[in-house]
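Asker: Below is query-v9.csv; it holds CSV, C-alpha atoms.
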chain,number,residue,atom,x,y,z
D,1,MET,CA,-19.8,-10.3,0.4
D,2,ASP,CA,-19.7,-8.3,-2.8
D,3,PHE,CA,-16.2,-8.6,-4.4
D,4,SER,CA,-17.3,-6.8,-7.5
D,5,GLN,CA,-18.3,-3.8,-5.6
D,6,ALA,CA,-15.0,-3.8,-3.6
D,7,LEU,CA,-13.1,-4.1,-6.9
D,8,THR,CA,-14.9,-1.4,-8.9
D,9,PHE,CA,-16.3,1.3,-6.5
D,10,GLN,CA,-13.1,3.3,-6.9
D,11,PHE,CA,-13.7,3.8,-10.7
D,12,LYS,CA,-17.1,5.5,-10.1
D,13,ASP,CA,-15.2,8.5,-8.7
D,14,PRO,CA,-14.2,10.8,-11.5
D,15,ARG,CA,-10.9,11.6,-9.6
D,16,TRP,CA,-10.0,7.9,-8.9
D,17,VAL,CA,-6.7,8.2,-10.8
D,18,GLN,CA,-5.6,11.2,-8.8
D,19,LYS,CA,-6.6,9.6,-5.5
D,20,ILE,CA,-4.9,6.3,-6.1
D,21,GLY,CA,-1.9,8.0,-7.6
D,22,LEU,CA,-1.5,10.3,-4.6
D,23,ALA,CA,-1.9,7.3,-2.2
D,24,ALA,CA,0.7,5.4,-4.2
D,25,LEU,CA,3.2,8.3,-3.9
D,26,ILE,CA,2.6,8.7,-0.2
D,27,SER,CA,3.2,5.0,0.3
D,28,LEU,CA,6.7,5.4,-1.0
D,29,ILE,CA,7.6,7.2,2.3
D,30,PRO,CA,9.1,4.5,4.5
D,31,VAL,CA,6.8,3.4,7.4
D,32,VAL,CA,4.9,6.8,7.6
D,33,GLY,CA,3.6,6.4,4.1
D,34,GLN,CA,2.2,2.9,4.7
D,35,ILE,CA,0.6,4.1,8.0
D,36,ILE,CA,-1.1,7.0,6.2
D,37,VAL,CA,-2.5,4.7,3.4
D,38,LEU,CA,-3.7,2.3,6.0
D,39,GLY,CA,-5.6,5.1,7.8
D,40,TRP,CA,-7.0,6.2,4.4
D,41,SER,CA,-8.3,2.7,3.7
D,42,PHE,CA,-10.0,2.6,7.1
D,43,ARG,CA,-12.1,5.6,6.0
D,44,ILE,CA,-13.4,3.4,3.2
D,45,THR,CA,-14.2,0.8,5.9
D,46,ARG,CA,-16.1,3.4,7.9
D,47,ALA,CA,-18.0,4.5,4.8
D,48,VAL,CA,-19.1,1.0,4.1
D,49,ILE,CA,-20.1,0.3,7.7
D,50,THR,CA,-22.1,3.5,8.0
D,51,GLN,CA,-23.4,3.2,4.4
D,52,GLU,CA,-22.2,6.7,3.6
D,53,ALA,CA,-22.6,7.8,0.0
D,54,GLN,CA,-19.0,9.0,-0.1
D,55,GLN,CA,-17.0,5.7,-0.3
D,56,PHE,CA,-13.8,6.9,-1.8
D,57,PRO,CA,-12.4,9.7,0.3
D,58,GLU,CA,-9.6,12.2,-0.3
D,59,LEU,CA,-6.4,11.7,1.6
D,60,ASP,CA,-6.1,13.7,4.8
D,61,LEU,CA,-2.4,13.3,5.8
D,62,ALA,CA,-2.8,14.2,9.5
D,63,GLU,CA,-6.0,12.4,10.3
D,64,ASP,CA,-5.2,9.3,8.2
D,65,PHE,CA,-1.8,9.1,9.9
D,66,LEU,CA,-3.3,9.1,13.4
D,67,ARG,CA,-6.0,6.6,12.4
D,68,GLY,CA,-3.5,4.4,10.6
D,69,LEU,CA,-1.1,4.6,13.6
D,70,LYS,CA,-3.8,3.1,15.8
D,71,GLY,CA,-4.4,0.4,13.3
D,72,TRP,CA,-0.7,-0.3,13.1
D,73,GLY,CA,-0.6,-0.5,16.9
D,74,ILE,CA,-3.4,-3.0,16.9
D,75,ASN,CA,-1.6,-5.1,14.3
D,76,LEU,CA,1.6,-4.9,16.4
D,77,VAL,CA,-0.2,-6.2,19.5
D,78,TYR,CA,-1.6,-9.2,17.7
D,79,ALA,CA,1.8,-9.9,16.0
D,80,LEU,CA,3.7,-9.8,19.3
D,81,PRO,CA,3.6,-13.6,19.8
D,82,VAL,CA,5.3,-14.1,16.4
D,83,ILE,CA,7.9,-11.4,17.2
D,84,VAL,CA,8.6,-12.7,20.7
D,85,PHE,CA,9.2,-16.3,19.5
D,86,THR,CA,10.7,-15.7,16.1
D,87,PHE,CA,13.7,-13.5,16.8
D,88,PRO,CA,15.0,-15.2,19.9
D,89,LEU,CA,14.5,-18.6,18.2
D,90,THR,CA,16.4,-17.5,15.2
D,91,ILE,CA,19.3,-16.1,17.2
D,92,GLY,CA,19.3,-18.9,19.7
D,93,LEU,CA,19.3,-21.6,17.0
D,94,GLY,CA,22.3,-19.9,15.3
D,95,LEU,CA,24.3,-19.8,18.5
D,96,LEU,CA,23.4,-23.4,19.4
D,97,ILE,CA,24.4,-24.7,15.9
D,98,ALA,CA,27.7,-23.0,16.3
D,99,ALA,CA,28.4,-24.2,19.8
D,100,THR,CA,27.1,-27.8,19.7
D,101,ASP,CA,27.7,-30.9,17.8
D,102,GLY,CA,25.7,-32.0,14.7
D,103,ARG,CA,23.3,-34.2,16.7
D,104,SER,CA,22.3,-31.4,19.1
D,105,ALA,CA,21.9,-29.0,16.2
D,106,ALA,CA,19.5,-31.4,14.5
D,107,VAL,CA,17.3,-31.6,17.5
D,108,TRP,CA,17.2,-27.8,17.8
D,109,THR,CA,16.5,-27.5,14.1
D,110,LEU,CA,13.5,-29.9,14.5
D,111,LEU,CA,12.3,-27.9,17.4
D,112,ALA,CA,12.6,-24.7,15.3
D,113,LEU,CA,10.6,-26.3,12.5
D,114,CYS,CA,7.8,-27.3,14.9
D,115,LEU,CA,7.7,-23.7,16.4
D,116,THR,CA,7.7,-22.3,12.8
D,117,GLY,CA,4.7,-24.4,12.0
D,118,LEU,CA,2.9,-23.0,15.1
D,119,MET,CA,3.7,-19.5,14.0
D,120,VAL,CA,2.4,-20.2,10.5
D,121,ALA,CA,-0.8,-21.5,12.0
D,122,TYR,CA,-1.0,-18.4,14.2
D,123,SER,CA,-0.5,-16.2,11.2
D,124,LEU,CA,-3.4,-17.8,9.5
D,125,VAL,CA,-5.6,-17.2,12.5
D,126,LEU,CA,-4.5,-13.5,12.4
D,127,ALA,CA,-5.7,-13.3,8.8
D,128,LEU,CA,-9.2,-13.8,10.2
D,129,VAL,CA,-8.8,-11.9,13.5
D,130,LEU,CA,-7.3,-8.7,12.2
D,131,PRO,CA,-10.1,-7.8,9.7
D,132,ALA,CA,-12.6,-8.2,12.6
D,133,ALA,CA,-10.4,-6.2,14.9
D,134,TYR,CA,-10.1,-3.4,12.3
D,135,GLY,CA,-13.8,-3.4,11.7
D,136,ASN,CA,-14.6,-3.2,15.5
D,137,PHE,CA,-12.0,-0.4,15.9
D,138,ILE,CA,-13.6,1.7,13.1
D,139,ALA,CA,-17.2,1.0,14.1
D,140,GLN,CA,-16.6,2.1,17.7
D,141,GLU,CA,-15.4,5.6,17.0
D,142,GLU,CA,-11.8,4.5,16.4
D,143,GLN,CA,-11.2,3.6,20.0
D,144,PHE,CA,-7.9,1.7,20.2
D,145,GLN,CA,-9.2,-0.7,22.9
D,146,ALA,CA,-12.0,-1.7,20.6
D,147,GLY,CA,-9.5,-3.3,18.3
D,148,LEU,CA,-8.3,-5.4,21.3
D,149,ASN,CA,-11.7,-6.4,22.7
D,150,PHE,CA,-11.3,-10.1,22.2
D,151,ARG,CA,-14.8,-11.0,23.2
D,152,GLN,CA,-16.4,-8.7,20.7
D,153,ILE,CA,-13.9,-9.6,18.0
D,154,PHE,CA,-14.3,-13.3,18.3
D,155,GLY,CA,-18.0,-12.7,18.5
D,156,LEU,CA,-17.9,-11.1,15.1
D,157,ILE,CA,-15.9,-14.0,13.6
D,158,ARG,CA,-18.3,-16.5,15.2
D,159,ARG,CA,-21.3,-14.7,13.7
D,160,GLY,CA,-19.8,-14.1,10.3
D,161,PRO,CA,-17.2,-16.9,9.7
D,162,VAL,CA,-17.9,-17.0,6.0
D,163,ALA,CA,-17.6,-13.2,5.6
D,164,TYR,CA,-14.2,-13.2,7.3
D,165,PHE,CA,-13.0,-16.2,5.3
D,166,MET,CA,-13.9,-14.2,2.2
D,167,VAL,CA,-11.8,-11.3,3.5
D,168,PHE,CA,-8.9,-13.8,3.8
D,169,LEU,CA,-9.5,-14.8,0.2
D,170,GLY,CA,-9.7,-11.1,-0.7
D,171,GLY,CA,-6.3,-10.6,0.8
D,172,LEU,CA,-4.8,-13.4,-1.3
D,173,MET,CA,-6.5,-11.8,-4.4
D,174,CYS,CA,-5.0,-8.4,-3.5
D,175,GLY,CA,-1.6,-10.1,-3.3
D,176,PHE,CA,-2.0,-11.3,-6.9
D,177,ILE,CA,-3.2,-7.8,-7.9
D,178,THR,CA,0.0,-6.3,-6.5
D,179,MET,CA,2.1,-8.9,-8.2
D,180,PHE,CA,0.6,-7.9,-11.5
D,181,GLY,CA,2.1,-4.5,-10.8
D,182,LEU,CA,5.5,-6.1,-11.4
D,183,VAL,CA,4.7,-5.7,-15.1
D,184,GLY,CA,5.0,-1.9,-14.7
D,185,CYS,CA,8.1,-2.3,-12.4
D,186,VAL,CA,8.2,-0.1,-9.3
D,187,ILE,CA,5.4,2.3,-10.4
D,188,GLY,CA,3.1,-0.6,-11.2
D,189,VAL,CA,3.7,-2.3,-7.8
D,190,VAL,CA,3.1,0.9,-5.9
D,191,ALA,CA,-0.1,1.8,-7.8
D,192,THR,CA,-1.6,-1.7,-7.5
D,193,GLY,CA,-0.6,-1.8,-3.9
D,194,ALA,CA,-2.5,1.4,-3.2
D,195,TYR,CA,-5.5,0.1,-5.1
D,196,ALA,CA,-5.4,-3.2,-3.2
D,197,MET,CA,-5.6,-1.3,0.1
D,198,THR,CA,-8.9,0.3,-1.1
D,199,VAL,CA,-10.2,-3.1,-1.9
D,200,MET,CA,-9.3,-4.5,1.5
D,201,GLY,CA,-10.8,-1.4,3.3
D,202,HIS,CA,-14.1,-2.1,1.5
D,203,LEU,CA,-14.0,-5.8,2.4
D,204,PHE,CA,-13.3,-5.0,6.1
D,205,GLY,CA,-16.5,-2.9,6.1
D,206,GLN,CA,-18.6,-5.5,4.3
D,207,ALA,CA,-17.5,-8.2,6.7
D,208,TYR,CA,-18.3,-6.2,9.7
D,209,ARG,CA,-21.8,-5.3,8.4
D,210,GLU,CA,-22.5,-9.0,7.6
D,211,ALA,CA,-21.3,-10.2,11.0
D,212,THR,CA,-23.4,-7.6,12.9
D,213,ALA,CA,-26.5,-8.3,10.7
D,214,VAL,CA,-26.6,-11.9,11.7
D,215,HIS,CA,-29.1,-12.7,14.4
Take the structure I supplied and represent it as structure tokens, if you would.

Answerer:
Amino acid sequence: MDFSQALTFQFKDPRWVQKIGLAALISLIPVVGQIIVLGWSFRITRAVITQEAQQFPELDLAEDFLRGLKGWGINLVYALPVIVFTFPLTIGLGLLIAATDGRSAAVWTLLALCLTGLMVAYSLVLALVLPAAYGNFIAQEEQFQAGLNFRQIFGLIRRGPVAYFMVFLGGLMCGFITMFGLVGCVIGVVATGAYAMTVMGHLFGQAYREATAVH
């Protein structure tokens, strides 16, 4: 994994300011904007996987939205266990605390803490699985079902565990990059967030290439 390339390839494009700036502006559109920027970052993933010379594409609102919508759908499927357990648990716990005595509430609170621990563990697993799912989705002509092919996805992780762990670390790094944007208030956060998406798109592609190059 080449972090330096993921962090710097953008600046080799003479129009990098305009491209990141436009992506930052688009990301301000609730939901739709984030989906478009996700789809845009996937085009970087594809360029890395296929070793295309053009690694920093222009935004294409329609195509990037459709691509990003598929990626968002893949994310949603994997996040369903968290959604299914978290919301009913939160509502149910609140009702039980209100309707039962302190001892019963304590038992249910302990149960909630245990289930929360399981959800945190699942979220950590997702941090490895989603990059592999995204890479498989992009590599197989953006077929939605490719992002849900568990056999292939876990095969990628098994063949390239270090690569996908590095993507996980890259995600943490991008979180810090976005936090630095707080110095510039809203504009800084939005700009660094768009830049972080390009970094992650590049890392997704690198991890897929490493995993498929093994053996």

Asker: What does the structure give for the distance between CA of Leu25 (chain D) and CA of Val190 (chain D), in Å to one decimal?

Answerer: 7.7 Å

Asker: Around (-3.2, 8.8, 5.1) in the file's own coordinates, what residues are found within 10 Å if you use all atoms listed in the file, given back as a list in words?

Answerer: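 Within 10 Å of (-3.2, 8.8, 5.1), the protein and nucleic acid residues are Leu22, Ala23, Ile26, Ser27, Val32, Gly33, Gln34, Ile35, Ile36, Val37, Leu38, Gly39, Trp40, Ser41, Phe42, Arg43, Glu58, Leu59, Asp60, Leu61, Ala62, Glu63, Asp64, Phe65, Leu66, Arg67, Gly68 and Leu69 of chain D.
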
Asker: Which is closer to Met179 (chain D) than all the others in D:Ala146, D:Leu126, D:Ala191, D:Leu115, using all atoms listed in the file?

Answerer: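 Once distances to Met179 (chain D) are computed over all atoms listed in the file, the minimum belongs to D:Ala191.
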
Asker: May I have the residues within 8 Å of region 153-165 of chain D as a list in words, using only C-alpha atoms and disregarding those fewer than 2 positions away in the same chain?

Answerer: Met1, Leu128, Val129, Pro131, Ala132, Ala133, Asn136, Gly147, Leu148, Asn149, Phe150, Arg151, Val167, Phe168, Leu169, Gln206, Ala207, Tyr208, Glu210, Ala211, Thr212 and Val214 of chain D

Asker: What does the distance between CA of Ala139 (chain D) and CA of Ile74 (chain D) come to in Å, to one decimal place?

Answerer: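 That distance, rounded to one decimal, is 14.6 Å.
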
Asker: Which residues are close to Val48 (chain D), i.e. within 8 Å by all atoms listed in the file, leaving aside same-chain residues fewer than 5 positions away? Reply as a PyMOL selection string.

Answerer: chain D and resi 55+202+205-206

Asker: Between CA of Ile177 (chain D) and CA of Thr50 (chain D), measure the distance and give it in Å to one decimal.

Answerer: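 Value for the CA of Ile177 (chain D)-CA of Thr50 (chain D) distance: 27.2 Å.
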
Asker: Build an axis-aligned box that encloses every atom of region 48-61 of chain D listed in the file, pad it by 3 Å on each side, and report its centre and edge lengths in Å to one decimal, as JSON.

Answerer:
{"center_x": -12.9, "center_y": 7.0, "center_z": 3.1, "size_x": 27.0, "size_y": 19.4, "size_z": 15.8}

Asker: Which of these, D:Thr178, D:Phe204, D:Gln152, D:Met197, has the shortest distance to Ala127 (chain D) once you count only C-alpha atoms?

Answerer: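 The closest residue to Ala127 (chain D) is D:Phe204.
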
Asker: Of the candidates D:Ala6, D:Ala121, D:Val31, D:Val17, which shows the shortest atom-to-atom distance to Thr45 (chain D), using only C-alpha atoms?

Answerer: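 Between D:Ala6, D:Ala121, D:Val31, D:Val17, the residue approaching Thr45 (chain D) most closely is D:Ala6.
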
Asker: Counting only C-alpha atoms, which residue out of D:Ile20, D:Leu113, D:Leu80, D:Leu7 sits closest to Leu203 (chain D)?

Answerer: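 Among the listed residues, D:Leu7 lies closest to Leu203 (chain D).
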
Asker: For region 8-39 of chain D, where the input has fewer atoms than it should, I would like N, CA and C atoms rebuilt and written as an mmCIF file, in the frame of the given file.

Answerer:
data_model
loop_
_atom_site.group_PDB
_atom_site.id
_atom_site.type_symbol
_atom_site.label_atom_id
_atom_site.label_comp_id
_atom_site.auth_asym_id
_atom_site.auth_seq_id
_atom_site.Cartn_x
_atom_site.Cartn_y
_atom_site.Cartn_z
ATOM 1 N N THR D 8 -14.578 -2.433 -7.845
ATOM 2 C CA THR D 8 -14.900 -1.400 -8.900
ATOM 3 C C THR D 8 -15.429 -0.095 -8.335
ATOM 4 N N PHE D 9 -15.736 0.019 -7.030
ATOM 5 C CA PHE D 9 -16.300 1.300 -6.500
ATOM 6 C C PHE D 9 -15.406 2.453 -6.769
ATOM 7 N N GLN D 10 -14.113 2.218 -6.766
ATOM 8 C CA GLN D 10 -13.100 3.300 -6.900
ATOM 9 C C GLN D 10 -13.339 4.024 -8.281
ATOM 10 N N PHE D 11 -13.653 3.263 -9.315
ATOM 11 C CA PHE D 11 -13.700 3.800 -10.700
ATOM 12 C C PHE D 11 -14.956 4.625 -10.955
ATOM 13 N N LYS D 12 -15.879 4.623 -9.991
ATOM 14 C CA LYS D 12 -17.100 5.500 -10.100
ATOM 15 C C LYS D 12 -16.775 6.914 -9.755
ATOM 16 N N ASP D 13 -15.667 7.115 -9.088
ATOM 17 C CA ASP D 13 -15.200 8.500 -8.700
ATOM 18 C C ASP D 13 -14.469 9.066 -9.881
ATOM 19 N N PRO D 14 -14.860 10.222 -10.374
ATOM 20 C CA PRO D 14 -14.200 10.800 -11.500
ATOM 21 C C PRO D 14 -12.695 11.159 -11.233
ATOM 22 N N ARG D 15 -12.319 11.208 -9.963
ATOM 23 C CA ARG D 15 -10.900 11.600 -9.600
ATOM 24 C C ARG D 15 -10.177 10.325 -9.068
ATOM 25 N N TRP D 16 -10.597 9.151 -9.492
ATOM 26 C CA TRP D 16 -10.000 7.900 -8.900
ATOM 27 C C TRP D 16 -8.488 7.853 -9.295
ATOM 28 N N VAL D 17 -8.102 8.314 -10.460
ATOM 29 C CA VAL D 17 -6.700 8.200 -10.800
ATOM 30 C C VAL D 17 -5.846 9.103 -9.915
ATOM 31 N N GLN D 18 -6.302 10.336 -9.639
ATOM 32 C CA GLN D 18 -5.600 11.200 -8.800
ATOM 33 C C GLN D 18 -5.489 10.666 -7.335
ATOM 34 N N LYS D 19 -6.608 10.107 -6.854
ATOM 35 C CA LYS D 19 -6.600 9.600 -5.500
ATOM 36 C C LYS D 19 -5.726 8.417 -5.288
ATOM 37 N N ILE D 20 -5.808 7.459 -6.187
ATOM 38 C CA ILE D 20 -4.900 6.300 -6.100
ATOM 39 C C ILE D 20 -3.491 6.686 -6.344
ATOM 40 N N GLY D 21 -3.292 7.593 -7.300
ATOM 41 C CA GLY D 21 -1.900 8.000 -7.600
ATOM 42 C C GLY D 21 -1.282 8.724 -6.427
ATOM 43 N N LEU D 22 -2.040 9.591 -5.731
ATOM 44 C CA LEU D 22 -1.500 10.300 -4.600
ATOM 45 C C LEU D 22 -1.187 9.289 -3.446
ATOM 46 N N ALA D 23 -2.107 8.340 -3.219
ATOM 47 C CA ALA D 23 -1.900 7.300 -2.200
ATOM 48 C C ALA D 23 -0.633 6.502 -2.518
ATOM 49 N N ALA D 24 -0.448 6.203 -3.807
ATOM 50 C CA ALA D 24 0.700 5.400 -4.200
ATOM 51 C C ALA D 24 2.001 6.219 -3.931
ATOM 52 N N LEU D 25 2.002 7.505 -4.218
ATOM 53 C CA LEU D 25 3.200 8.300 -3.900
ATOM 54 C C LEU D 25 3.457 8.415 -2.450
ATOM 55 N N ILE D 26 2.399 8.608 -1.669
ATOM 56 C CA ILE D 26 2.600 8.700 -0.200
ATOM 57 C C ILE D 26 3.135 7.396 0.341
ATOM 58 N N SER D 27 2.703 6.269 -0.233
ATOM 59 C CA SER D 27 3.200 5.000 0.300
ATOM 60 C C SER D 27 4.654 4.752 0.080
ATOM 61 N N LEU D 28 5.278 5.553 -0.756
ATOM 62 C CA LEU D 28 6.700 5.400 -1.000
ATOM 63 C C LEU D 28 7.526 5.949 0.212
ATOM 64 N N ILE D 29 6.880 6.743 1.086
ATOM 65 C CA ILE D 29 7.600 7.200 2.300
ATOM 66 C C ILE D 29 7.713 6.062 3.252
ATOM 67 N N PRO D 30 8.910 5.698 3.633
ATOM 68 C CA PRO D 30 9.100 4.500 4.500
ATOM 69 C C PRO D 30 8.276 4.646 5.801
ATOM 70 N N VAL D 31 7.571 3.591 6.138
ATOM 71 C CA VAL D 31 6.800 3.400 7.400
ATOM 72 C C VAL D 31 5.636 4.437 7.438
ATOM 73 N N VAL D 32 5.949 5.719 7.495
ATOM 74 C CA VAL D 32 4.900 6.800 7.600
ATOM 75 C C VAL D 32 3.929 6.682 6.478
ATOM 76 N N GLY D 33 4.434 6.489 5.277
ATOM 77 C CA GLY D 33 3.600 6.400 4.100
ATOM 78 C C GLY D 33 2.584 5.260 4.195
ATOM 79 N N GLN D 34 3.075 4.086 4.617
ATOM 80 C CA GLN D 34 2.200 2.900 4.700
ATOM 81 C C GLN D 34 1.142 3.132 5.832
ATOM 82 N N ILE D 35 1.537 3.814 6.911
ATOM 83 C CA ILE D 35 0.600 4.100 8.000
ATOM 84 C C ILE D 35 -0.522 5.029 7.493
ATOM 85 N N ILE D 36 -0.150 6.047 6.720
ATOM 86 C CA ILE D 36 -1.100 7.000 6.200
ATOM 87 C C ILE D 36 -2.112 6.280 5.250
ATOM 88 N N VAL D 37 -1.604 5.439 4.367
ATOM 89 C CA VAL D 37 -2.500 4.700 3.400
ATOM 90 C C VAL D 37 -3.373 3.749 4.159
ATOM 91 N N LEU D 38 -2.875 3.137 5.228
ATOM 92 C CA LEU D 38 -3.700 2.300 6.000
ATOM 93 C C LEU D 38 -4.869 3.054 6.645
ATOM 94 N N GLY D 39 -4.552 4.221 7.214
ATOM 95 C CA GLY D 39 -5.600 5.100 7.800
ATOM 96 C C GLY D 39 -6.596 5.525 6.748
#
